[in-house]
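Here is the file work19.csv (CSV, C-alpha atoms).
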```
chain,number,residue,atom,x,y,z
E,1,MET,CA,23.1,-0.5,-18.0
E,2,PRO,CA,19.7,1.2,-18.8
E,3,HIS,CA,18.9,1.8,-22.4
E,4,LEU,CA,19.5,5.3,-23.6
E,5,THR,CA,16.5,7.3,-24.9
E,6,ARG,CA,16.7,8.2,-28.6
E,7,VAL,CA,16.5,11.9,-29.3
E,8,ARG,CA,14.2,12.4,-32.3
E,9,PRO,CA,14.0,15.5,-34.5
E,10,GLY,CA,11.0,17.7,-33.7
E,11,THR,CA,10.6,16.6,-30.0
E,12,ALA,CA,9.4,19.7,-28.2
E,13,SER,CA,11.0,20.9,-25.0
E,14,THR,CA,10.4,23.8,-22.7
E,15,GLY,CA,14.0,23.7,-21.5
E,16,VAL,CA,13.0,22.7,-17.9
E,17,ARG,CA,16.1,21.5,-16.1
E,18,THR,CA,16.3,18.5,-13.8
E,19,GLY,CA,14.4,19.2,-10.6
E,20,ILE,CA,13.0,17.5,-7.5
E,21,GLY,CA,9.4,16.4,-7.0
E,22,ILE,CA,8.6,15.5,-3.4
E,23,PRO,CA,6.2,12.5,-3.3
E,24,GLY,CA,4.9,13.6,0.1
E,25,PHE,CA,6.6,14.1,3.5
E,26,ALA,CA,5.2,13.0,6.8
E,27,HIS,CA,2.8,15.3,8.6
E,28,PRO,CA,4.3,18.7,9.4
E,29,LEU,CA,4.1,18.1,13.1
E,30,ILE,CA,6.4,15.0,12.6
E,31,ALA,CA,8.5,16.4,9.8
E,32,ARG,CA,8.7,20.1,10.6
E,33,ALA,CA,12.3,20.4,9.5
E,34,GLU,CA,11.6,18.7,6.2
E,35,TRP,CA,8.7,21.1,5.3
E,36,ASN,CA,10.5,24.2,6.5
E,37,GLY,CA,13.7,23.3,4.6
E,38,LEU,CA,11.9,23.3,1.3
E,39,THR,CA,11.6,27.1,1.2
E,40,ARG,CA,15.4,27.5,1.2
E,41,PRO,CA,16.4,29.7,-1.7
E,42,GLY,CA,17.9,27.8,-4.6
E,43,THR,CA,16.3,24.5,-3.9
E,44,PRO,CA,15.4,23.1,-7.4
E,45,LEU,CA,11.8,22.1,-6.7
E,46,HIS,CA,9.3,21.3,-9.4
E,47,TRP,CA,6.5,20.6,-6.9
E,48,VAL,CA,5.7,19.1,-3.5
E,49,VAL,CA,2.8,16.7,-2.8
E,50,LEU,CA,0.5,17.3,0.1
E,51,ASN,CA,-0.9,14.2,1.6
E,52,VAL,CA,-2.9,15.0,4.7
E,53,ALA,CA,-4.3,11.5,5.5
E,54,ASP,CA,-4.3,9.3,2.4
E,55,GLY,CA,-5.8,12.3,0.7
E,56,PRO,CA,-7.3,15.6,2.1
E,57,GLY,CA,-8.4,14.1,5.4
E,58,ASP,CA,-11.8,14.3,7.1
E,59,ARG,CA,-11.4,18.0,8.2
E,60,PRO,CA,-9.1,20.9,7.5
E,61,ASP,CA,-5.7,20.6,9.1
E,62,PRO,CA,-4.1,24.0,10.2
E,63,HIS,CA,-0.6,22.6,10.2
E,64,CYS,CA,-0.9,21.4,6.6
E,65,LEU,CA,-2.5,24.6,5.6
E,66,GLU,CA,0.4,26.6,7.1
E,67,SER,CA,3.0,24.4,5.4
E,68,ALA,CA,1.3,24.5,2.0
E,69,GLY,CA,0.8,28.2,2.3
E,70,ARG,CA,4.4,28.8,3.1
E,71,LEU,CA,5.5,26.8,0.0
E,72,ARG,CA,3.0,28.6,-2.3
E,73,ASN,CA,4.1,32.0,-1.0
E,74,ALA,CA,7.7,31.0,-1.9
E,75,GLY,CA,6.6,30.1,-5.4
E,76,VAL,CA,6.6,26.3,-5.0
E,77,ARG,CA,3.8,24.4,-6.6
E,78,VAL,CA,1.8,22.3,-4.2
E,79,LEU,CA,-0.1,19.2,-5.5
E,80,GLY,CA,-2.9,17.4,-3.6
E,81,HIS,CA,-2.5,13.6,-3.4
E,82,LEU,CA,-5.5,11.7,-4.8
E,83,ASP,CA,-5.4,8.0,-4.3
E,84,THR,CA,-7.0,6.1,-7.2
E,85,ALA,CA,-6.2,2.7,-5.7
E,86,TYR,CA,-5.5,1.4,-9.2
E,87,GLY,CA,-9.0,2.2,-10.3
E,88,LEU,CA,-10.8,0.7,-7.2
E,89,ARG,CA,-11.9,4.2,-5.9
E,90,THR,CA,-14.8,5.7,-7.8
E,91,PHE,CA,-14.8,8.7,-10.0
E,92,GLY,CA,-16.9,10.6,-7.4
E,93,GLN,CA,-14.6,9.8,-4.5
E,94,VAL,CA,-11.5,11.0,-6.4
E,95,VAL,CA,-13.2,14.3,-7.6
E,96,SER,CA,-14.7,14.9,-4.1
E,97,ASP,CA,-11.1,14.7,-2.6
E,98,ALA,CA,-10.0,17.2,-5.3
E,99,HIS,CA,-12.6,19.7,-4.2
E,100,ARG,CA,-11.6,19.3,-0.6
E,101,PHE,CA,-7.9,19.9,-1.4
E,102,LEU,CA,-8.9,23.1,-3.4
E,103,ASP,CA,-11.3,24.4,-0.7
E,104,ARG,CA,-8.9,23.8,2.2
E,105,TYR,CA,-5.4,24.2,0.8
E,106,GLN,CA,-5.7,26.0,-2.5
E,107,VAL,CA,-3.5,23.4,-4.2
E,108,ASP,CA,-2.0,24.0,-7.6
E,109,GLY,CA,-2.8,20.6,-9.0
E,110,PHE,CA,-2.9,16.9,-8.2
E,111,LEU,CA,-0.9,13.8,-8.2
E,112,LEU,CA,-3.1,10.7,-8.8
E,113,GLY,CA,-1.4,8.1,-6.7
E,114,ARG,CA,-1.6,4.4,-7.6
E,115,CYS,CA,-2.9,5.3,-11.0
E,116,PRO,CA,-3.8,2.5,-13.4
E,117,ALA,CA,-1.4,2.0,-16.3
E,118,ASP,CA,-3.3,-0.3,-18.6
E,119,ARG,CA,-5.4,0.6,-21.7
E,120,ALA,CA,-8.7,-0.8,-20.2
E,121,ALA,CA,-8.6,1.8,-17.4
E,122,PHE,CA,-7.6,4.7,-19.6
E,123,PRO,CA,-11.2,6.0,-20.4
E,124,GLU,CA,-12.0,6.4,-16.6
E,125,VAL,CA,-8.6,8.1,-15.9
E,126,ARG,CA,-9.2,10.4,-18.9
E,127,ARG,CA,-12.6,11.2,-17.5
E,128,THR,CA,-11.2,12.0,-14.1
E,129,VAL,CA,-8.4,14.2,-15.5
E,130,THR,CA,-10.8,16.1,-17.8
E,131,THR,CA,-13.0,16.8,-14.8
E,132,LEU,CA,-10.1,17.9,-12.6
E,133,ARG,CA,-9.2,20.5,-15.3
E,134,VAL,CA,-12.8,21.8,-15.1
E,135,VAL,CA,-12.5,22.0,-11.4
E,136,HIS,CA,-9.2,23.8,-11.6
E,137,GLU,CA,-8.4,25.2,-15.0
E,138,GLU,CA,-4.7,25.7,-14.4
E,139,ALA,CA,-4.1,22.4,-12.5
E,140,HIS,CA,-0.8,20.7,-12.9
E,141,ILE,CA,-1.7,17.0,-13.1
E,142,VAL,CA,0.7,14.1,-12.5
E,143,LEU,CA,-0.3,10.5,-13.0
E,144,GLY,CA,1.5,8.3,-10.5
E,145,HIS,CA,1.6,5.0,-12.4
E,146,GLY,CA,5.0,4.0,-11.0
E,147,THR,CA,5.7,2.2,-14.3
E,148,HIS,CA,5.4,2.9,-18.0
E,149,PRO,CA,1.7,3.1,-18.9
E,150,CYS,CA,0.3,2.7,-22.4
E,151,PRO,CA,1.2,5.8,-24.4
E,152,GLU,CA,-2.3,7.3,-24.5
E,153,TYR,CA,-2.0,8.5,-20.9
E,154,ALA,CA,0.7,11.0,-21.9
E,155,GLU,CA,-1.9,12.9,-24.0
E,156,HIS,CA,-4.0,13.9,-20.9
E,157,ALA,CA,-1.5,14.6,-18.1
E,158,ASP,CA,1.3,17.2,-17.6
E,159,GLN,CA,3.6,14.5,-16.2
E,160,LEU,CA,3.7,10.7,-15.7
E,161,VAL,CA,5.6,8.9,-13.0
E,162,THR,CA,7.1,6.1,-15.1
E,163,PHE,CA,9.2,4.6,-12.3
E,164,SER,CA,8.6,4.3,-8.6
E,165,GLY,CA,10.5,1.6,-6.7
E,166,PRO,CA,13.8,0.4,-5.3
E,167,TRP,CA,17.3,1.2,-6.5
E,168,ASN,CA,18.1,-2.4,-7.3
E,169,ASP,CA,15.3,-2.3,-9.9
E,170,TYR,CA,16.0,1.2,-11.2
E,171,ARG,CA,19.7,0.6,-12.0
E,172,TRP,CA,18.7,-2.0,-14.6
E,173,SER,CA,15.5,-0.4,-15.8
E,174,GLN,CA,14.7,0.6,-19.4
E,175,ALA,CA,12.7,3.5,-20.7
E,176,ALA,CA,9.7,2.5,-23.0
E,177,GLU,CA,10.5,3.4,-26.6
E,178,TRP,CA,7.5,5.7,-27.0
E,179,THR,CA,8.8,8.0,-24.3
E,180,ALA,CA,11.4,9.3,-26.7
E,181,ASP,CA,8.6,11.1,-28.5
E,182,HIS,CA,8.2,13.4,-25.5
E,183,PRO,CA,10.5,15.9,-23.7
E,184,PRO,CA,12.1,15.0,-20.3
E,185,GLU,CA,9.8,17.4,-18.4
E,186,ARG,CA,6.9,15.0,-19.0
E,187,PHE,CA,8.4,12.2,-16.9
E,188,CYS,CA,9.2,11.6,-13.2
E,189,HIS,CA,11.2,9.0,-11.4
E,190,PHE,CA,10.9,8.2,-7.6
E,191,VAL,CA,13.6,5.8,-6.4
E,192,HIS,CA,14.2,4.6,-2.8
E,193,GLY,CA,17.1,2.8,-1.3
E,194,VAL,CA,19.7,4.7,-3.4
E,195,PRO,CA,23.1,4.5,-1.6
E,196,GLY,CA,25.0,7.8,-1.4
E,197,PRO,CA,27.9,6.5,-3.5
E,198,HIS,CA,25.5,5.7,-6.3
E,199,LEU,CA,23.8,9.1,-6.4
E,200,ASP,CA,25.7,10.2,-9.5
E,201,GLU,CA,24.8,7.0,-11.3
E,202,ALA,CA,21.1,7.4,-10.4
E,203,LEU,CA,21.1,11.0,-11.8
E,204,ARG,CA,22.7,9.7,-15.0
E,205,ILE,CA,20.0,7.0,-15.4
E,206,ALA,CA,17.3,9.6,-15.0
E,207,ARG,CA,19.0,11.8,-17.6
E,208,TRP,CA,19.5,8.9,-20.1
E,209,GLN,CA,15.9,7.8,-19.7
E,210,GLY,CA,14.6,11.3,-20.2
E,211,ALA,CA,13.1,12.1,-16.8
E,212,ALA,CA,13.4,15.7,-15.6
E,213,THR,CA,11.6,15.4,-12.3
E,214,ILE,CA,13.2,13.1,-9.8
E,215,TYR,CA,13.2,12.1,-6.1
E,216,PHE,CA,16.0,9.9,-4.8
E,217,THR,CA,16.3,8.8,-1.2
E,218,ASP,CA,18.5,6.4,0.8
E,219,HIS,CA,15.5,5.4,2.9
E,220,THR,CA,13.6,2.2,2.1
E,221,GLY,CA,9.9,1.2,2.1
E,222,ARG,CA,10.1,-1.7,4.6
E,223,GLY,CA,7.7,-0.2,7.1
E,224,GLY,CA,4.9,0.8,4.8
E,225,ARG,CA,3.8,1.8,1.3
E,226,ASP,CA,4.9,5.5,1.5
E,227,GLU,CA,7.2,5.5,4.5
E,228,CYS,CA,10.4,5.7,2.4
E,229,TRP,CA,9.3,9.2,1.1
E,230,GLU,CA,8.4,10.7,4.5
E,231,PRO,CA,11.8,11.9,5.7
E,232,LEU,CA,14.4,13.8,3.8
E,233,PRO,CA,17.2,11.6,2.3
E,234,GLY,CA,20.4,11.6,4.3
E,235,TYR,CA,22.2,13.3,1.3
E,236,TRP,CA,19.6,16.0,0.7
E,237,ASP,CA,22.1,18.9,0.7
E,238,ASP,CA,24.3,16.9,-1.7
E,239,ILE,CA,21.5,16.2,-4.2
E,240,VAL,CA,20.2,19.8,-4.0
E,241,SER,CA,23.7,21.1,-4.7
E,242,ARG,CA,24.3,18.7,-7.7
E,243,ILE,CA,21.0,19.5,-9.4
E,244,GLY,CA,21.0,23.2,-8.5
E,245,THR,CA,24.5,23.7,-10.0
E,246,GLY,CA,23.8,21.6,-13.0
E,247,VAL,CA,26.4,19.0,-12.1
E,248,SER,CA,24.0,16.2,-13.2
E,249,GLU,CA,23.3,17.8,-16.6
```
Let me see the structure of the file written as structure tokens.
Amino acid sequence: MPHLTRVRPGTASTGVRTGIGIPGFAHPLIARAEWNGLTRPGTPLHWVVLNVADGPGDRPDPHCLESAGRLRNAGVRVLGHLDTAYGLRTFGQVVSDAHRFLDRYQVDGFLLGRCPADRAAFPEVRRTVTTLRVVHEEAHIVLGHGTHPCPEYAEHADQLVTFSGPWNDYRWSQAAEWTADHPPERFCHFVHGVPGPHLDEALRIARWQGAATIYFTDHTGRGGRDECWEPLPGYWDDIVSRIGTGVSE
């Protein structure tokens, strides 16, 4: 079983309950029902990622603008997807994408996809995050490492994605010891291939490891890097009900 996180005296918490972070649905023309369903009252959303075309795309997309606007009008935070390609994309490319997201879709922040996790890449990521906060003073910034990075990253982001991968890995995963120094609302887990009968177990693992923002799906990533996140999970209503009513707490 996964290791339990240790609760340490003095660890700050804002009292944020477990909620859902959407890594990014398919285009609204393909996944219209998915996008429309997110505005249903009572859905425990922390944020939704907008990924037009591996970023903001070459030109404004009216369908994405409509979907993002509908969510923001409903009080849902929308984040623009910035692909860092594990540090291969330049500082200028990433910041330019951020400006396009702001100008076209008025996003509330950014998720840095494929974010490096090692100490050597930290200064460049810190530079990027610092600049993004100048570009958008109130930006909510999520670093999408997909694994536990070195602890320094936690000092410069609102949230870290410390797990992104398949259920078979997640069910035996362990939280890094340093994460116990931070409250659960600082961490996110994205897990694909979670069978419906194991949904309660997956929710318990997230709680034990101290991750307040989660996204679980029964779809798998066999067809492409992000394909598993594009449709709603088959048990969407079930997971919304469990989290929204506090069953997983």
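Between CA of Val191 in chain E and CA of Ala31 in chain E there is a distance of 20.0 Å.
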Go through E:Phe187, E:Phe216, E:Gly144, E:Val125 and flag the residue nearest Glu201 in chain E, using all atoms listed in the file for the distances. E:Phe216
Between E:Ile214, E:Val142, E:Val48, E:Cys150, which one has atoms that come closest to Phe163 in chain E, using all atoms listed in the file? E:Ile214
In terms of all atoms listed in the file, the residue from E:Tyr86, E:Tyr235, E:Phe122, E:Trp178 at minimal distance from Gly210 in chain E is E:Trp178
Would you place a box with edges along x, y and z of the file around all atoms of range 179-182 of chain E listed there, add 5 Å to each of its six sides, and report the centre and edge lengths in Å to one decimal, as AutoDock Vina command-line options?
```
--center_x 9.8 --center_y 10.7 --center_z -26.4 --size_x 13.2 --size_y 15.4 --size_z 14.2
```
Residues within 12 Å of Glu185 in chain E, please, as a PyMOL selection string. Count all atoms listed in the file; anything in the same chain fewer than 2 positions from it doesn't count. chain E and resi 11-21+46+142+154+157-161+179-183+187-189+206-207+209-214
Write the residues you've just listed into a file as a compact mmCIF listing (two decimals), keeping the file's coordinate frame, and include C-alpha atoms for each of them.
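Contents of result-v9.txt, freshly written:
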```
# COMPACT_ATOMS: atom_id res chain seq x y z
CA THR E 11 10.60 16.60 -30.00
CA ALA E 12 9.40 19.70 -28.20
CA SER E 13 11.00 20.90 -25.00
CA THR E 14 10.40 23.80 -22.70
CA GLY E 15 14.00 23.70 -21.50
CA VAL E 16 13.00 22.70 -17.90
CA ARG E 17 16.10 21.50 -16.10
CA THR E 18 16.30 18.50 -13.80
CA GLY E 19 14.40 19.20 -10.60
CA ILE E 20 13.00 17.50 -7.50
CA GLY E 21 9.40 16.40 -7.00
CA HIS E 46 9.30 21.30 -9.40
CA VAL E 142 0.70 14.10 -12.50
CA ALA E 154 0.70 11.00 -21.90
CA ALA E 157 -1.50 14.60 -18.10
CA ASP E 158 1.30 17.20 -17.60
CA GLN E 159 3.60 14.50 -16.20
CA LEU E 160 3.70 10.70 -15.70
CA VAL E 161 5.60 8.90 -13.00
CA THR E 179 8.80 8.00 -24.30
CA ALA E 180 11.40 9.30 -26.70
CA ASP E 181 8.60 11.10 -28.50
CA HIS E 182 8.20 13.40 -25.50
CA PRO E 183 10.50 15.90 -23.70
CA PHE E 187 8.40 12.20 -16.90
CA CYS E 188 9.20 11.60 -13.20
CA HIS E 189 11.20 9.00 -11.40
CA ALA E 206 17.30 9.60 -15.00
CA ARG E 207 19.00 11.80 -17.60
CA GLN E 209 15.90 7.80 -19.70
CA GLY E 210 14.60 11.30 -20.20
CA ALA E 211 13.10 12.10 -16.80
CA ALA E 212 13.40 15.70 -15.60
CA THR E 213 11.60 15.40 -12.30
CA ILE E 214 13.20 13.10 -9.80
```
Between CA of Pro44 in chain E and CA of Pro60 in chain E, distance in Å (one decimal): 28.8 Å
Need the neighbours of (22.4, 5.8, -7.1): which residues are at most 10 Å away, counting only C-alpha atoms, as JSON, numbers by chain? {"E": [167, 168, 170, 171, 191, 192, 193, 194, 195, 196, 197, 198, 199, 200, 201, 202, 203, 204, 205, 216, 217, 218]}
Atomic distance CA of Leu111 in chain E - CA of Leu132 in chain E, expressed in Å with one decimal: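 Pair CA of Leu111 in chain E / CA of Leu132 in chain E returns 11.0 Å.
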Excluding Leu38 in chain E and residues on its chain fewer than 2 positions from it, collect all residues at most 12 Å away from it, counting all atoms listed in the file, and give them as a count of residues only. 35
What's the 8 Å shell around Cys64 in chain E, counting all atoms listed in the file, without same-chain residues fewer than 2 positions away, as a list in words? His27, Pro28, Leu50, Val52, Asp61, Pro62, Glu66, Ser67, Ala68 and Tyr105 of chain E
